[in-house]
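Source file: input33.txt. Holds: compact mmCIF, C-alpha atoms.
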# COMPACT_ATOMS: atom_id res chain seq x y z
CA MET X 1 182.53 26.57 171.03
CA ARG X 2 183.20 29.74 173.01
CA ARG X 3 182.43 29.59 176.72
CA TYR X 4 179.99 32.13 178.10
CA LYS X 5 181.74 34.78 180.16
CA PHE X 6 179.61 36.60 182.71
CA GLN X 7 179.67 40.38 182.59
CA TYR X 8 177.75 42.76 184.82
CA TRP X 9 175.98 44.51 181.99
CA HIS X 10 174.38 41.17 181.05
CA LEU X 11 172.74 41.23 184.48
CA GLY X 12 171.43 44.74 183.79
CA ILE X 13 169.93 43.73 180.44
CA LEU X 14 168.34 40.68 182.07
CA ALA X 15 166.82 42.85 184.85
CA ILE X 16 165.38 45.30 182.32
CA VAL X 17 163.92 42.50 180.17
CA LEU X 18 162.34 40.90 183.25
CA VAL X 19 160.78 44.19 184.39
CA LEU X 20 159.39 44.84 180.89
CA LEU X 21 158.04 41.28 180.55
CA PHE X 22 156.52 41.54 184.02
CA SER X 23 154.69 44.79 183.28
CA TRP X 24 153.62 43.79 179.73
CA GLY X 25 152.43 40.39 181.00
CA ALA X 26 150.38 41.99 183.77
CA ASN X 27 148.89 44.43 181.28
CA TYR X 28 148.16 41.78 178.65
CA LEU X 29 146.53 39.36 181.06
CA GLU X 30 144.69 42.22 182.77
CA ILE X 31 145.57 40.87 186.17
CA SER X 32 146.07 42.97 189.24
CA ILE X 33 149.28 41.93 190.93
CA PRO X 34 151.22 43.89 193.54
CA ARG X 35 153.77 45.89 191.63
CA PRO X 36 156.93 47.56 192.94
CA PHE X 37 155.55 50.92 191.78
CA ASN X 38 152.68 50.59 194.22
CA PHE X 39 155.01 50.12 197.13
CA LEU X 40 157.35 52.92 196.04
CA HIS X 41 154.41 55.29 195.60
CA THR X 42 153.12 54.47 199.07
CA VAL X 43 156.56 55.11 200.56
CA THR X 44 157.28 58.37 198.74
CA ALA X 45 153.78 59.93 198.87
CA PRO X 46 154.05 61.26 202.48
CA LEU X 47 157.43 62.80 201.64
CA HIS X 48 156.02 64.53 198.55
CA ARG X 49 153.06 65.71 200.61
CA SER X 50 155.36 67.17 203.29
CA VAL X 51 157.68 68.87 200.79
CA THR X 52 154.71 70.36 198.92
CA TRP X 53 153.21 71.57 202.20
CA VAL X 54 156.47 73.19 203.34
CA GLY X 55 156.99 74.69 199.86
CA GLY X 56 153.47 76.11 199.94
CA LYS X 57 154.03 77.73 203.35
CA ILE X 58 157.35 79.26 202.25
CA GLY X 59 155.65 80.51 199.09
CA ASN X 60 152.86 82.09 201.16
CA VAL X 61 155.32 83.93 203.42
CA ARG X 62 157.33 85.13 200.41
CA SER X 63 154.24 86.33 198.56
CA PHE X 64 152.97 88.14 201.70
CA PHE X 65 156.04 90.38 201.63
CA THR X 66 156.50 90.69 197.89
CA GLU X 67 152.90 91.03 196.77
CA TYR X 68 151.24 92.99 199.58
CA ARG X 69 150.42 95.98 197.38
CA VAL X 70 149.06 93.72 194.64
CA PHE X 71 146.85 91.93 197.20
CA HIS X 72 145.42 95.26 198.27
CA GLU X 73 144.55 96.25 194.70
CA ASP X 74 143.21 92.77 193.98
CA ARG X 75 140.93 92.94 196.99
CA GLU X 76 139.23 96.09 195.72
CA TYR X 77 138.87 94.56 192.27
CA TYR X 78 137.42 91.30 193.61
CA GLU X 79 134.95 93.08 195.90
CA THR X 80 133.50 94.85 192.86
CA ARG X 81 133.64 91.63 190.83
CA ILE X 82 131.86 89.59 193.52
CA GLY X 83 128.96 92.05 193.52
CA GLN X 84 128.74 91.84 189.75
CA LEU X 85 128.89 88.03 189.75
CA GLU X 86 126.27 87.76 192.47
CA ARG X 87 123.88 89.72 190.26
CA GLU X 88 124.74 87.49 187.30
CA LEU X 89 124.32 84.37 189.43
CA SER X 90 120.88 85.38 190.53
CA MET X 91 119.89 85.91 186.87
CA ALA X 92 121.49 82.59 185.92
CA ASN X 93 119.49 80.83 188.64
CA GLU X 94 116.31 82.15 187.09
CA VAL X 95 117.40 80.87 183.68
CA TYR X 96 118.39 77.51 185.22
CA LEU X 97 114.96 77.06 186.80
CA GLU X 98 113.27 78.02 183.57
CA ASN X 99 115.52 75.56 181.70
CA GLU X 100 114.61 72.75 184.11
CA ARG X 101 110.89 73.47 183.65
CA LEU X 102 111.22 73.46 179.88
CA ARG X 103 113.25 70.24 179.92
CA GLU X 104 110.53 68.63 181.97
CA LEU X 105 107.89 69.89 179.55
CA LEU X 106 109.82 68.53 176.54
CA ASN X 107 110.61 65.26 178.34
CA PHE X 108 114.39 65.80 177.97
CA GLU X 109 116.79 63.71 180.03
CA GLN X 110 117.98 65.64 183.09
CA ARG X 111 121.62 66.70 183.15
CA VAL X 112 123.67 64.64 185.53
CA ASN X 113 125.09 66.32 188.62
CA PHE X 114 128.53 64.86 188.98
CA GLU X 115 129.79 63.47 192.20
CA THR X 116 133.25 64.85 192.83
CA LEU X 117 136.16 64.10 195.09
CA GLY X 118 138.73 66.74 195.97
CA ALA X 119 142.45 65.93 195.79
CA ARG X 120 145.65 67.82 196.48
CA VAL X 121 148.42 67.92 193.88
CA ILE X 122 151.56 66.60 195.60
CA GLY X 123 153.86 66.39 192.59
CA LEU X 124 154.29 67.10 188.91
CA GLY X 125 155.78 65.04 186.09
CA SER X 126 159.49 64.29 186.19
CA ASP X 127 160.40 65.06 182.56
CA ASN X 128 159.81 67.56 179.77
CA TRP X 129 157.76 65.29 177.51
CA GLY X 130 154.35 64.69 178.95
CA HIS X 131 152.88 66.65 181.79
CA THR X 132 151.52 64.55 184.62
CA LEU X 133 150.23 65.33 188.10
CA ILE X 134 150.49 63.20 191.22
CA ILE X 135 147.44 63.52 193.48
CA ASP X 136 146.96 62.34 197.05
CA ARG X 137 143.92 60.13 196.32
CA GLY X 138 144.08 56.54 195.18
CA ARG X 139 142.39 53.17 195.05
CA LYS X 140 141.32 53.33 198.68
CA ASP X 141 139.31 56.48 197.84
CA GLY X 142 137.54 54.65 195.01
CA LEU X 143 139.50 56.09 192.07
CA PHE X 144 139.82 54.15 188.85
CA PRO X 145 141.66 54.84 185.56
CA ARG X 146 140.19 57.22 182.96
CA GLN X 147 138.19 59.38 185.36
CA PRO X 148 138.14 63.02 184.23
CA VAL X 149 139.95 65.53 186.42
CA ILE X 150 138.89 69.20 186.61
CA THR X 151 139.71 72.30 188.62
CA GLY X 152 137.36 73.72 191.22
CA ASN X 153 135.83 76.06 188.65
CA GLY X 154 135.17 73.32 186.10
CA TYR X 155 138.15 73.60 183.74
CA LEU X 156 139.38 70.33 182.28
CA VAL X 157 142.79 69.27 183.66
CA GLY X 158 143.15 65.73 182.29
CA GLN X 159 142.40 62.13 183.06
CA VAL X 160 143.42 59.64 185.76
CA GLU X 161 145.98 57.36 184.17
CA GLU X 162 147.27 55.07 186.91
CA VAL X 163 145.88 54.45 190.35
CA TYR X 164 147.97 53.33 193.31
CA SER X 165 146.78 52.58 196.83
CA GLY X 166 146.99 56.13 198.20
CA THR X 167 147.98 58.20 195.17
CA ALA X 168 147.20 58.44 191.47
CA ARG X 169 148.86 59.77 188.34
CA VAL X 170 146.91 62.16 186.12
CA THR X 171 147.81 62.74 182.46
CA MET X 172 147.29 66.38 181.64
CA LEU X 173 145.81 67.79 178.47
CA THR X 174 149.27 69.09 177.52
CA ASN X 175 150.44 65.53 176.77
CA PRO X 176 150.47 65.06 172.97
CA GLY X 177 149.07 61.54 173.34
CA PHE X 178 146.01 62.82 175.17
CA VAL X 179 143.14 63.72 172.88
CA VAL X 180 139.64 64.91 173.71
CA GLY X 181 136.73 65.96 171.53
CA GLY X 182 135.99 69.68 171.68
CA ILE X 183 133.14 71.87 170.50
CA VAL X 184 132.80 75.62 170.05
CA ARG X 185 130.52 76.89 172.81
CA ARG X 186 129.01 79.69 170.69
CA GLU X 187 125.41 78.72 169.89
CA GLU X 188 125.57 79.70 166.19
CA SER X 189 128.67 77.59 165.58
CA ARG X 190 128.93 74.33 167.63
CA ALA X 191 131.82 73.25 165.35
CA LEU X 192 133.50 69.99 166.37
CA GLY X 193 137.23 69.19 166.48
CA MET X 194 139.89 67.26 168.35
CA VAL X 195 141.95 68.95 171.07
CA ARG X 196 145.44 67.76 171.94
CA GLY X 197 148.35 69.18 173.88
CA VAL X 198 151.75 70.35 172.78
CA PRO X 199 154.52 69.59 175.30
CA LEU X 200 156.50 72.52 176.66
CA LYS X 201 154.11 75.03 175.16
CA GLU X 202 152.28 75.47 178.40
CA GLY X 203 149.46 77.81 177.68
CA PHE X 204 148.85 76.34 174.26
CA TYR X 205 146.78 73.46 172.91
CA LEU X 206 145.98 72.55 169.35
CA MET X 207 142.52 71.85 168.09
CA ASP X 208 142.42 70.35 164.63
CA ASN X 209 140.16 68.44 162.27
CA PHE X 210 137.67 71.30 162.10
CA SER X 211 135.93 71.10 158.73
CA TRP X 212 137.28 73.66 156.26
CA ASP X 213 134.08 75.74 156.40
CA ALA X 214 133.47 75.48 160.19
CA ASP X 215 132.49 78.72 161.88
CA VAL X 216 135.38 79.21 164.31
CA ARG X 217 136.54 82.65 165.44
CA ILE X 218 139.26 84.11 167.61
CA ASP X 219 138.14 84.25 171.29
CA ASP X 220 135.63 81.41 170.86
CA VAL X 221 135.46 79.26 173.99
CA ILE X 222 136.04 75.52 173.50
CA ILE X 223 134.30 72.96 175.74
CA THR X 224 134.28 69.14 175.76
CA SER X 225 131.88 67.74 173.19
CA GLY X 226 130.58 64.88 175.35
CA MET X 227 130.95 62.43 172.47
CA SER X 228 133.49 60.32 174.33
CA GLU X 229 132.23 57.95 176.99
CA PHE X 230 134.97 59.20 179.32
CA PHE X 231 134.23 62.95 179.37
CA PRO X 232 130.93 64.68 180.08
CA LYS X 233 129.82 67.52 177.87
CA GLY X 234 130.56 71.12 178.80
CA LEU X 235 133.92 71.07 180.61
CA ALA X 236 135.74 74.25 179.66
CA ILE X 237 139.06 73.74 177.85
CA GLY X 238 140.26 77.12 176.57
CA THR X 239 139.91 80.05 174.19
CA VAL X 240 140.82 80.14 170.49
CA LYS X 241 143.82 82.44 169.94
CA THR X 242 145.10 81.51 166.48
CA LEU X 243 143.52 80.02 163.35
CA GLU X 244 145.23 78.47 160.34
CA GLU X 245 144.61 76.05 157.50
CA GLY X 246 145.47 72.38 158.04
CA ASP X 247 145.82 69.37 155.73
CA TYR X 248 146.38 71.55 152.63
CA GLY X 249 143.21 73.55 153.19
CA LEU X 250 140.91 70.60 153.84
CA THR X 251 140.61 71.37 157.55
CA GLN X 252 141.16 74.23 159.98
CA ARG X 253 143.49 74.21 162.96
CA ALA X 254 143.12 76.42 166.03
CA GLY X 255 145.66 77.31 168.70
CA ILE X 256 143.93 77.33 172.06
CA GLU X 257 144.97 79.18 175.18
CA PRO X 258 143.90 77.03 178.14
CA PHE X 259 142.24 78.26 181.30
CA ILE X 260 144.69 76.31 183.46
CA TYR X 261 148.47 76.20 183.85
CA GLY X 262 150.00 72.93 185.07
CA SER X 263 152.55 74.30 187.48
CA THR X 264 150.01 76.46 189.32
CA ILE X 265 147.39 73.79 190.02
CA GLU X 266 147.23 72.95 193.71
CA GLU X 267 143.86 71.21 194.09
CA VAL X 268 141.71 69.28 191.63
CA LEU X 269 138.35 67.50 191.55
CA ILE X 270 137.83 63.99 190.22
CA LEU X 271 134.47 63.31 188.57
CA PHE X 272 132.64 60.15 189.57
CA ALA X 273 129.17 60.16 188.01
CA GLU X 274 128.13 58.16 184.98
CA TRP X 275 127.12 60.31 182.08
CA GLY X 276 125.71 59.65 178.66
CA GLU X 277 124.41 61.31 175.58
CA GLU X 278 121.53 63.65 176.01
CA GLU X 279 118.41 62.75 174.15
CA MET L 1 176.32 48.41 201.44
CA LYS L 2 176.82 51.91 202.85
CA ALA L 3 177.53 53.16 199.34
CA ILE L 4 174.21 51.73 198.13
CA ILE L 5 172.33 53.31 201.04
CA GLY L 6 174.11 56.61 200.36
CA LYS L 7 173.11 56.54 196.69
CA GLY L 8 169.56 55.51 197.64
CA PHE L 9 169.33 58.54 199.92
CA VAL L 10 170.63 60.86 197.18
CA LEU L 11 168.10 59.36 194.74
CA LEU L 12 165.29 59.97 197.21
CA LEU L 13 166.35 63.62 197.54
CA ILE L 14 166.49 63.87 193.75
CA THR L 15 162.98 62.41 193.45
CA LEU L 16 161.58 64.92 195.92
CA THR L 17 163.37 67.81 194.21
CA GLN L 18 162.39 66.71 190.70
CA VAL L 19 158.72 66.03 191.44
CA SER L 20 157.74 68.40 194.25
CA ILE L 21 160.15 71.35 194.17
CA LEU L 22 161.45 72.01 190.63
CA PRO L 23 158.02 72.20 188.93
CA ARG L 24 156.93 74.86 191.43
CA LEU L 25 159.96 77.09 190.86
CA PRO L 26 159.73 79.82 188.22
CA LEU L 27 162.32 78.19 185.93
CA GLY L 28 160.35 78.41 182.71
CA ASN L 29 159.01 75.39 180.91
CA LEU L 30 162.21 73.34 180.71
CA GLN L 31 163.16 71.27 183.71
CA PRO L 32 166.56 69.68 184.28
CA ASP L 33 166.60 65.88 184.44
CA LEU L 34 168.33 65.28 187.77
CA PHE L 35 168.01 61.48 187.41
CA LEU L 36 169.94 61.57 184.15
CA ILE L 37 172.63 63.82 185.61
CA ALA L 38 173.04 61.51 188.63
CA ALA L 39 173.21 58.31 186.53
CA CYS L 40 175.73 59.92 184.20
CA CYS L 41 177.94 61.32 187.00
CA TRP L 42 177.91 58.08 188.98
CA GLY L 43 178.93 56.23 185.82
CA LEU L 44 181.81 58.66 185.27
CA ILE L 45 182.95 58.43 188.89
CA ASN L 46 182.47 54.70 189.58
CA GLY L 47 182.52 52.95 186.21
CA SER L 48 180.04 51.02 184.07
CA ARG L 49 178.81 48.51 186.63
CA ILE L 50 177.77 51.04 189.30
CA GLY L 51 176.67 53.49 186.62
CA MET L 52 174.28 50.94 185.17
CA GLY L 53 172.96 49.85 188.58
CA SER L 54 172.33 53.38 189.77
CA GLY L 55 170.86 54.23 186.35
CA PHE L 56 168.42 51.36 186.75
CA ALA L 57 167.34 52.61 190.20
CA ALA L 58 167.06 56.19 188.90
CA GLY L 59 165.02 55.07 185.87
CA LEU L 60 162.67 53.01 188.03
CA LEU L 61 162.03 55.94 190.37
CA GLN L 62 161.62 58.39 187.50
CA ASP L 63 159.09 56.17 185.76
CA LEU L 64 156.82 56.43 188.78
CA TYR L 65 156.16 59.97 187.57
CA GLY L 66 157.39 60.02 183.98
CA THR L 67 156.99 58.59 180.51
CA GLY L 68 157.82 54.92 181.20
CA SER L 69 160.93 54.49 179.07
CA ASN L 70 163.49 55.67 181.62
CA ILE L 71 163.86 52.20 183.10
CA PHE L 72 165.93 51.15 180.10
CA ILE L 73 167.35 54.53 179.00
CA LYS L 74 168.96 55.47 182.31
CA PRO L 75 170.91 52.18 182.83
CA ALA L 76 172.21 52.53 179.27
CA ILE L 77 173.33 56.08 180.06
CA GLY L 78 174.99 54.93 183.31
CA TYR L 79 176.75 52.13 181.46
CA LEU L 80 177.93 54.27 178.52
CA SER L 81 179.14 57.07 180.84
CA GLY L 82 181.00 54.47 182.86
CA ARG L 83 183.02 53.58 179.75
CA PHE L 84 184.73 56.98 180.17
CA GLU L 85 185.82 56.20 183.73
CA GLY L 86 189.59 56.15 183.90
CA LYS L 87 189.82 57.79 180.48
CA ILE L 88 189.15 61.30 181.72
CA TYR L 89 190.69 63.20 184.59
CA LYS L 90 188.23 62.91 187.53
CA GLU L 91 188.56 66.58 188.56
CA SER L 92 187.90 67.75 185.04
CA ILE L 93 185.34 70.57 184.88
CA ALA L 94 184.70 70.52 181.15
CA PHE L 95 184.23 66.83 180.33
CA PRO L 96 181.37 65.79 182.66
CA PRO L 97 178.99 68.53 181.40
CA MET L 98 179.88 67.58 177.82
CA ILE L 99 179.12 63.93 178.51
CA VAL L 100 175.87 64.88 180.28
CA PHE L 101 174.94 66.95 177.20
CA GLY L 102 175.58 63.95 174.93
CA ALA L 103 173.64 61.65 177.28
CA SER L 104 170.70 64.10 177.25
CA LEU L 105 170.62 64.07 173.44
CA PHE L 106 170.74 60.26 173.46
CA SER L 107 167.96 60.08 176.07
CA GLY L 108 165.80 62.62 174.20
CA LEU L 109 166.18 60.84 170.86
CA ILE L 110 165.33 57.43 172.31
CA THR L 111 162.33 58.86 174.20
CA TYR L 112 161.06 60.47 170.99
CA LEU L 113 161.50 57.27 168.98
CA VAL L 114 159.98 54.76 171.41
CA HIS L 115 156.82 56.69 172.27
CA GLU L 116 154.29 56.66 169.46
CA GLU L 117 152.40 59.60 170.97
CA PHE L 118 155.50 61.77 170.45
CA LEU L 119 156.63 60.13 167.21
CA PHE L 120 153.30 60.64 165.44
CA ASN L 121 152.07 63.86 167.05
CA LEU L 122 155.26 65.94 167.26
CA SER L 123 157.50 66.82 164.37
CA PHE L 124 161.11 65.74 164.85
CA GLY L 125 162.27 69.32 164.24
CA TYR L 126 160.02 70.64 167.01
CA ALA L 127 161.14 67.93 169.45
CA LEU L 128 164.81 68.59 168.69
CA ARG L 129 164.53 72.39 168.74
CA GLU L 130 162.21 72.84 171.71
CA ILE L 131 162.87 69.85 173.97
CA ILE L 132 165.95 67.75 173.24
CA ILE L 133 168.70 70.34 172.59
CA PRO L 134 167.58 72.96 175.16
CA GLY L 135 167.11 70.13 177.69
CA GLY L 136 170.70 69.04 176.99
CA PHE L 137 172.02 72.54 177.69
CA VAL L 138 170.03 72.80 180.94
CA ASN L 139 171.31 69.40 182.13
CA ALA L 140 174.91 70.26 181.18
CA ALA L 141 174.66 73.55 183.11
CA ILE L 142 173.37 71.74 186.22
CA ALA L 143 176.12 69.11 185.83
CA ILE L 144 178.79 71.81 186.24
CA GLY L 145 177.76 72.00 189.91
CA ALA L 146 176.30 68.52 190.41
CA TYR L 147 179.34 66.52 189.26
CA PRO L 148 181.82 68.02 191.79
CA LEU L 149 179.19 67.65 194.51
CA LEU L 150 178.62 63.95 193.78
CA LEU L 151 182.39 63.38 193.46
CA TRP L 152 182.93 65.02 196.86
CA LEU L 153 180.16 62.86 198.40
CA GLU L 154 181.70 59.68 196.94
CA ARG L 155 185.08 60.60 198.37
CA LYS L 156 183.62 61.36 201.80
CA MET L 157 181.85 57.99 201.85
CA GLU L 158 185.03 56.24 200.73
CA GLU L 159 187.03 57.98 203.47
CA ARG L 160 184.47 56.90 206.08
CA ARG L 161 184.89 53.34 204.90
CA GLY L 162 188.62 53.76 205.48
CA GLY L 163 189.53 53.43 201.85
CA VAL L 164 191.53 55.74 199.66
CA TYR L 165 189.81 57.16 196.66
CA ARG L 166 191.57 56.71 193.34

Starting from the file, lay out its structure as structure tokens.
Amino acid sequence: MRRYKFQYWHLGILAIVLVLLFSWGANYLEISIPRPFNFLHTVTAPLHRSVTWVGGKIGNVRSFFTEYRVFHEDREYYETRIGQLERELSMANEVYLENERLRELLNFEQRVNFETLGARVIGLGSDNWGHTLIIDRGRKDGLFPRQPVITGNGYLVGQVEEVYSGTARVTMLTNPGFVVGGIVRREESRALGMVRGVPLKEGFYLMDNFSWDADVRIDDVIITSGMSEFFPKGLAIGTVKTLEEGDYGLTQRAGIEPFIYGSTIEEVLILFAEWGEEE
Amino acid sequence: MKAIIGKGFVLLLITLTQVSILPRLPLGNLQPDLFLIAACCWGLINGSRIGMGSGFAAGLLQDLYGTGSNIFIKPAIGYLSGRFEGKIYKESIAFPPMIVFGASLFSGLITYLVHEEFLFNLSFGYALREIIIPGGFVNAAIAIGAYPLLLWLERKMEERRGGVYR
């Protein structure tokens, strides 16, 4: 019988197997045990925060010099736009109040006002496969996995995937494994489909499984359908830019331009409220 | 011990660059994989044993922010690169980028195959054309500068320890 001869790569294989067994076992038994990732996240989070802060300041100084003229033009544009939006907001408030009154009259369930928590993005995913964000809020702030994450103006960013003590990892919509139900916002259509990301094609999602005769048009806005227990209805996802046949003509597939771009997100909101189906 | 601390410090710098700096730079959609380049170069410079160990540390750190399969891909890359140690001329400019390119293809293929979300939602042609091959070229280009830098660092550390670098 041959004697076993120790080699260093055996030690490596053993270490990898132990780490995998450790993480699978913890997952399978659904037990919360202190993991090395938690410690490493806690150690590296302040460094990421500092580097992001310094990077942001350098970026601000650079853009002050390079984009001064653009800022000036933008300011004029936004002043006009603010006036216009204020008028629209005042009209929308009227409609909102009317809507509330009518809901009360018809005994409809009131829409939930979500509780939100702001978080700063301190890092982005470390590979080209699935986009992830690292945010500076974690378990101590009450976060838990699967909470929806949006931008300040209500655009869907993704979902909390893993929570550490002071930080959390968010899977973005651009990850091909991340799927959310979408619906066409246009009142005459309301066609349903599934939205999923395409890695590397930032600025592009796919929405498929539309029925072959669904009324979907270019420039239609897609919002979350609210059919999943994890996402409330009405979070804006993007705009339809391309349409093609899928599954040999049995379904339609739409290319969607999102409202958000991963590398430009600096702050996000995490939704806390419980939501359910409207009556 | 000093060599381990030195590599740990380099890995920390790589983590900060990969996660907080590179994504904010206007480099386009493709990012270089600095962890892969480091594991590969350390394997080439120091051999299989150190290549695998540093690959394990790099994979563990990368998986804090990545897909979750790097913890076994990166040690394999460190080990396989280390098999070339002593077979190629250490100051070679052409070989390290070529090996990094090969390691990137290997890493990309394994990542594609072990993650069902990529395997079932992305066509192999798309993954190869848009992610794996271009990623390999980006990593190889970075390795042209990164390999001599890491080699120089290793030699400086060796000199400080009073040894003579082979």

Distance query 10 Å from (137.3, 82.7, 162.5) using only C-alpha atoms, result as a list in words: Asp213, Ala214, Asp215, Val216, Arg217, Ile218, Asp219, Asp220, Val240, Lys241, Thr242, Leu243, Glu244, Gln252 and Ala254 of chain X

Could you dump the residues just selected with C-alpha atoms as a PDB file, in the frame of the given file?
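Output saved as part_22.pdb:
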ATOM      1  CA  ASP X 213     134.080  75.740 156.400  1.00  0.00           C
ATOM      2  CA  ALA X 214     133.470  75.480 160.190  1.00  0.00           C
ATOM      3  CA  ASP X 215     132.490  78.720 161.880  1.00  0.00           C
ATOM      4  CA  VAL X 216     135.380  79.210 164.310  1.00  0.00           C
ATOM      5  CA  ARG X 217     136.540  82.650 165.440  1.00  0.00           C
ATOM      6  CA  ILE X 218     139.260  84.110 167.610  1.00  0.00           C
ATOM      7  CA  ASP X 219     138.140  84.250 171.290  1.00  0.00           C
ATOM      8  CA  ASP X 220     135.630  81.410 170.860  1.00  0.00           C
ATOM      9  CA  VAL X 240     140.820  80.140 170.490  1.00  0.00           C
ATOM     10  CA  LYS X 241     143.820  82.440 169.940  1.00  0.00           C
ATOM     11  CA  THR X 242     145.100  81.510 166.480  1.00  0.00           C
ATOM     12  CA  LEU X 243     143.520  80.020 163.350  1.00  0.00           C
ATOM     13  CA  GLU X 244     145.230  78.470 160.340  1.00  0.00           C
ATOM     14  CA  GLN X 252     141.160  74.230 159.980  1.00  0.00           C
ATOM     15  CA  ALA X 254     143.120  76.420 166.030  1.00  0.00           C
TER      16      ALA X 254
END

Minimum-distance residue to chain X, chosen among L:Ser104, L:Asn121, L:Ser81, L:Ser92 (using all atoms listed in the file): L:Asn121

Close residues, Val179 (chain X) itself excluded, 8 Å, all atoms listed in the file, min 4 positions apart in chain, as a ChimeraX atom specification: /X:173,194-197

10 Å contact set for Ala140 (chain L), only C-alpha atoms, chain neighbours under 3 positions out, as JSON, numbers by chain: {"L": [32, 33, 37, 94, 95, 96, 97, 98, 99, 100, 101, 102, 103, 104, 134, 135, 136, 137, 143, 144, 145, 146, 147]}

Distance filter 7 Å, only C-alpha atoms, chain L against chain X, as a list in words: Leu16, Gln18, Val19, Ser20, Pro23, Arg24, Asn29, Leu30, Gln31, Asp33, Arg49, Met52, Gln62, Leu64, Tyr65, Gly66, Thr67, Phe72, Glu117, Phe118, Asn121 and Ile131 of chain L

With C-alpha atoms kept, could you save the residues just selected as an mmCIF file, in the coordinates of the input?
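Once everything was written out, this is selection.cif:
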data_model
loop_
_atom_site.group_PDB
_atom_site.id
_atom_site.type_symbol
_atom_site.label_atom_id
_atom_site.label_comp_id
_atom_site.auth_asym_id
_atom_site.auth_seq_id
_atom_site.Cartn_x
_atom_site.Cartn_y
_atom_site.Cartn_z
ATOM 1 C CA LEU L 16 161.580 64.920 195.920
ATOM 2 C CA GLN L 18 162.390 66.710 190.700
ATOM 3 C CA VAL L 19 158.720 66.030 191.440
ATOM 4 C CA SER L 20 157.740 68.400 194.250
ATOM 5 C CA PRO L 23 158.020 72.200 188.930
ATOM 6 C CA ARG L 24 156.930 74.860 191.430
ATOM 7 C CA ASN L 29 159.010 75.390 180.910
ATOM 8 C CA LEU L 30 162.210 73.340 180.710
ATOM 9 C CA GLN L 31 163.160 71.270 183.710
ATOM 10 C CA ASP L 33 166.600 65.880 184.440
ATOM 11 C CA ARG L 49 178.810 48.510 186.630
ATOM 12 C CA MET L 52 174.280 50.940 185.170
ATOM 13 C CA GLN L 62 161.620 58.390 187.500
ATOM 14 C CA LEU L 64 156.820 56.430 188.780
ATOM 15 C CA TYR L 65 156.160 59.970 187.570
ATOM 16 C CA GLY L 66 157.390 60.020 183.980
ATOM 17 C CA THR L 67 156.990 58.590 180.510
ATOM 18 C CA PHE L 72 165.930 51.150 180.100
ATOM 19 C CA GLU L 117 152.400 59.600 170.970
ATOM 20 C CA PHE L 118 155.500 61.770 170.450
ATOM 21 C CA ASN L 121 152.070 63.860 167.050
ATOM 22 C CA ILE L 131 162.870 69.850 173.970
#

Between CA of Pro145 (chain X) and CA of Ser228 (chain X), distance in Å (one decimal): 14.9 Å

Å distance separating CA of Gly55 (chain L) from CA of Gly78 (chain L), one decimal place: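 Value for the CA of Gly55 (chain L)-CA of Gly78 (chain L) distance: 5.2 Å.
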
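For Pro148 (chain L), the set of protein, DNA and RNA residues having any atom at most 9 Å away, when counting only C-alpha atoms and skipping those fewer than 5 positions along the same chain, is Glu91, Ile93, Ala143 and Leu153 of chain L.
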
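A straight line drawn from CA of Glu267 (chain X) to CA of Gly152 (chain X) is 7.5 Å long.
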
Please give the centre and size of the box around region 115-125 of chain L (axis-aligned, containing every atom listed in the file, 4 Å added per side), with values in Å to one decimal and written as AutoDock Vina command-line options.
--center_x 157.2 --center_y 63.0 --center_z 168.3 --size_x 18.2 --size_y 20.7 --size_z 16.0

Spatial neighbours of region 5-15 of chain L, max dist 7 Å, all atoms listed in the file, sep filter under 3 positions, as a VMD selection string: chain L and resid 1 to 2 18 to 19 34 to 35 58
